[in-house]
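Q: After the structure tokens below, expect a handful of questions from me.
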Amino acid sequence: MKNLTTLAFLLIATLSFAQQDPIYSQYLFNPLMINPAYAGLNNRFNGSVGYRTQWMGLEGQPQTINATLHTSLLQNKVGAGLVFSNDKIGSISTTEVNAAFAYKLQLEKSVFSFGMQAGVQNFNSSLNGINPFDQDDDLFLNGERGTRINLGAGLALKSEKFFVGLSVPRLLPATFKSGDQEFDLYNQHLYLMGAYIHYLNEHIRLKPTVLLRGVKGAPASVDIAMNLNFNGIHTAGIFTRNFNTYGVMLQTLLKEQYRFGYVFELPTGKSVGTQFTTHEIMLGIQLSAFSFHERSLSNF
């Protein structure tokens, strides 16, 4: 079967070294996916759905569906939201649902937010199509499935000029036992995100961003992006991930409410090769649902 060796390698790596978090290239426009402190931070009602297909053409490629809802409440003093994601690689699927809550502290020129999230994570692995060399290997005898409780936490500091976030969205490690073997389902991921706005003129803003992701047992990951924003409505940017994947990001906001985003990624030979491209789309809405919500758009 085409690319079966590559798929088997990806599955074995996932089981042996603990599952990695899904990758989101549009993290700047939906930080709630990785940081519960962003719930309601822009003082509006927000909803989004996204789909990412990674390494198209590679059998068993990673595919991720996500959705979020969050809003500011109680005169913009707190935020609440829901986060859903389904991540699939080969025959391994992880579905997660979390409820997020954030408390916001208004500072002189910025807002500090502390957030928590809690939910459940369901893991399902049938391992169909895998033909291991050792047919008696306990790891491949039966599919694994189970549900685990999740807790996460995050901090965020935002102004009209910058955004900084630090989070561990899944604090609890999880393990599964297969036969006589025990393997990690998940290890904690630490995220550090930063973004800044520089006004080139009254219409064009330069928005550089950095995302650092660290997890035990894997090299640190670094996303570096440079975006241009036009009139607070349209955004175009370029980025790299670990200097082995490069991408283009486009996003627009229609009627100051409806957001559409698209990302194209091209991996290099240091990754999986240029023949396996990645595409990510996002649809979103943001509006002033309550009388105390902000009417103007926020840079973050």
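The chains in the structure tokens are called A, B, ... from first to last as shown; in each chain the residues are counted from 1, and the ligands are counted from 1 in the order shown.
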At a cut-off of 9 Å, using only C-alpha atoms, what residues contact Met33 in chain A? Leave out same-chain residues fewer than 4 positions from it and give the result as a ChimeraX atom specification.

A: /A:24,27,38,66-68,83-85,169

Q: I want to know what sits within 8 Å of Leu172 in chain A, based on only C-alpha atoms, with residues of the same chain fewer than 2 positions away left out; could you give that as an NGL selection string?

A: :A and (149-151 or 170 or 174 or 187-188)

Q: Atoms to include: N, CA and C atoms. Write the selected residues as a PDB file, in the first residue's frame.

A:
ATOM      1  N   ILE A 149      -9.867  12.723  31.897  1.00  0.00           N
ATOM      2  CA  ILE A 149     -10.213  14.074  32.312  1.00  0.00           C
ATOM      3  C   ILE A 149      -9.062  15.020  31.965  1.00  0.00           C
ATOM      4  N   ASN A 150      -9.403  16.230  31.570  1.00  0.00           N
ATOM      5  CA  ASN A 150      -8.377  17.210  31.239  1.00  0.00           C
ATOM      6  C   ASN A 150      -8.555  18.480  32.066  1.00  0.00           C
ATOM      7  N   LEU A 151      -7.426  19.063  32.485  1.00  0.00           N
ATOM      8  CA  LEU A 151      -7.381  20.378  33.115  1.00  0.00           C
ATOM      9  C   LEU A 151      -6.287  21.185  32.441  1.00  0.00           C
ATOM     10  N   ARG A 170      -3.206  21.334  28.646  1.00  0.00           N
ATOM     11  CA  ARG A 170      -3.515  19.990  29.150  1.00  0.00           C
ATOM     12  C   ARG A 170      -2.476  19.642  30.216  1.00  0.00           C
ATOM     13  N   ALA A 174      -1.361  11.380  30.567  1.00  0.00           N
ATOM     14  CA  ALA A 174      -2.234  10.209  30.472  1.00  0.00           C
ATOM     15  C   ALA A 174      -1.442   9.039  29.905  1.00  0.00           C
ATOM     16  N   ASN A 187       1.744  13.991  26.935  1.00  0.00           N
ATOM     17  CA  ASN A 187       2.604  14.752  27.823  1.00  0.00           C
ATOM     18  C   ASN A 187       2.249  16.225  27.718  1.00  0.00           C
ATOM     19  N   GLN A 188       2.455  16.956  28.799  1.00  0.00           N
ATOM     20  CA  GLN A 188       2.085  18.365  28.815  1.00  0.00           C
ATOM     21  C   GLN A 188       2.875  19.166  27.773  1.00  0.00           C
TER      22      GLN A 188
END

Q: Give me, as a list in words, all polymer residues having an atom no more than 10 Å from Pro62 in chain A, counting only C-alpha atoms and skipping those fewer than 3 positions away in the same chain.

A: Leu10, Pro22, Ile23, Arg52, Thr53, Gln54, Trp55, Met56, Leu58, Glu59, Asp87, Lys88, Ile89, Gly90, Ile92, Ser93 and Thr278 of chain A

Q: Could you write out that same residue set with C-alpha atoms as a PDB file, in the first residue's frame?

A:
ATOM      1  CA  LEU A  10       4.115   8.000  12.245  1.00  0.00           C
ATOM      2  CA  PRO A  22      -2.456  19.418  16.858  1.00  0.00           C
ATOM      3  CA  ILE A  23      -0.760  22.261  15.008  1.00  0.00           C
ATOM      4  CA  ARG A  52      -6.544  21.566   8.748  1.00  0.00           C
ATOM      5  CA  THR A  53      -5.307  18.863   6.396  1.00  0.00           C
ATOM      6  CA  GLN A  54      -1.585  18.345   6.817  1.00  0.00           C
ATOM      7  CA  TRP A  55       0.789  16.769   4.297  1.00  0.00           C
ATOM      8  CA  MET A  56      -1.780  16.123   1.562  1.00  0.00           C
ATOM      9  CA  LEU A  58       0.628  11.207   2.452  1.00  0.00           C
ATOM     10  CA  GLU A  59      -1.430   8.198   3.463  1.00  0.00           C
ATOM     11  CA  ASP A  87      -7.397  15.233  15.608  1.00  0.00           C
ATOM     12  CA  LYS A  88      -6.775  12.184  13.448  1.00  0.00           C
ATOM     13  CA  ILE A  89      -3.575  10.621  12.180  1.00  0.00           C
ATOM     14  CA  GLY A  90      -3.921   7.298  10.406  1.00  0.00           C
ATOM     15  CA  ILE A  92      -5.582   7.107  15.701  1.00  0.00           C
ATOM     16  CA  SER A  93      -8.235   9.660  16.641  1.00  0.00           C
ATOM     17  CA  THR A 278      -0.729  21.586   4.016  1.00  0.00           C
TER      18      THR A 278
END

Q: Need the shell around Lys207 in chain A: protein/DNA/RNA residues with any atom at most 9 Å away, counting only C-alpha atoms. Skip same-chain ones fewer than 2 positions apart. Format as a list in words?

A: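 After dropping sequence-adjacent residues, the list is Ala195, Tyr196, Ile197, His198, Tyr199, Arg205, Thr209, Ala225, Met226, Asn227, Leu228, Asn229 and Gly237 of chain A.
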
Q: Next, the residues of the selection above should be written as a short mmCIF file (atom, residue, chain, number, x, y, z; two decimals), in the first residue's frame with N, CA and C atoms.

A:
data_model
loop_
_atom_site.label_atom_id
_atom_site.label_comp_id
_atom_site.auth_asym_id
_atom_site.auth_seq_id
_atom_site.Cartn_x
_atom_site.Cartn_y
_atom_site.Cartn_z
N ALA A 195 3.03 38.74 20.32
CA ALA A 195 2.72 39.48 19.10
C ALA A 195 2.79 40.97 19.40
N TYR A 196 3.10 41.74 18.37
CA TYR A 196 3.28 43.18 18.54
C TYR A 196 2.73 43.90 17.32
N ILE A 197 2.20 45.10 17.54
CA ILE A 197 1.68 45.93 16.46
C ILE A 197 2.57 47.15 16.27
N HIS A 198 3.01 47.37 15.03
CA HIS A 198 3.76 48.58 14.69
C HIS A 198 3.03 49.28 13.55
N TYR A 199 2.62 50.53 13.76
CA TYR A 199 1.87 51.28 12.77
C TYR A 199 2.84 51.90 11.75
N ARG A 205 -0.49 48.22 9.24
CA ARG A 205 0.13 47.84 10.50
C ARG A 205 0.99 46.58 10.28
N THR A 209 4.79 37.97 14.95
CA THR A 209 4.35 37.04 16.01
C THR A 209 5.36 35.91 16.16
N ALA A 225 6.31 34.55 12.43
CA ALA A 225 5.47 35.08 11.35
C ALA A 225 5.62 36.59 11.26
N MET A 226 5.44 37.10 10.04
CA MET A 226 5.43 38.53 9.79
C MET A 226 4.17 38.84 8.98
N ASN A 227 3.27 39.63 9.56
CA ASN A 227 1.99 39.92 8.94
C ASN A 227 1.83 41.42 8.67
N LEU A 228 1.13 41.72 7.61
CA LEU A 228 0.73 43.09 7.31
C LEU A 228 -0.79 43.17 7.40
N ASN A 229 -1.28 44.14 8.17
CA ASN A 229 -2.71 44.32 8.32
C ASN A 229 -3.11 45.65 7.69
N GLY A 237 0.36 37.48 5.40
CA GLY A 237 1.63 37.26 6.08
C GLY A 237 2.36 36.03 5.58
#

Q: Find, counting only C-alpha atoms, the residue in A:Met116, A:Ser296, A:Glu256, A:Asn244 that gets nearest to Lys270 in chain A.

A: A:Asn244

Q: DSSP on the backbone, then: every residue of range 7-236 of chain A marked strand (DSSP E), written as an MDAnalysis selection string.

A: chainID A and resid 45:53 63:73 78:89 92:106 111:125 144:158 162:168 174:178 181:186 189:196 198:199 204:215 218:230 234:236

Q: Restricting the calculation to only C-alpha atoms, which member of A:Glu265, A:Glu96, A:Glu280, A:Glu108 is positioned closest to Asn124 in chain A?

A: A:Glu96
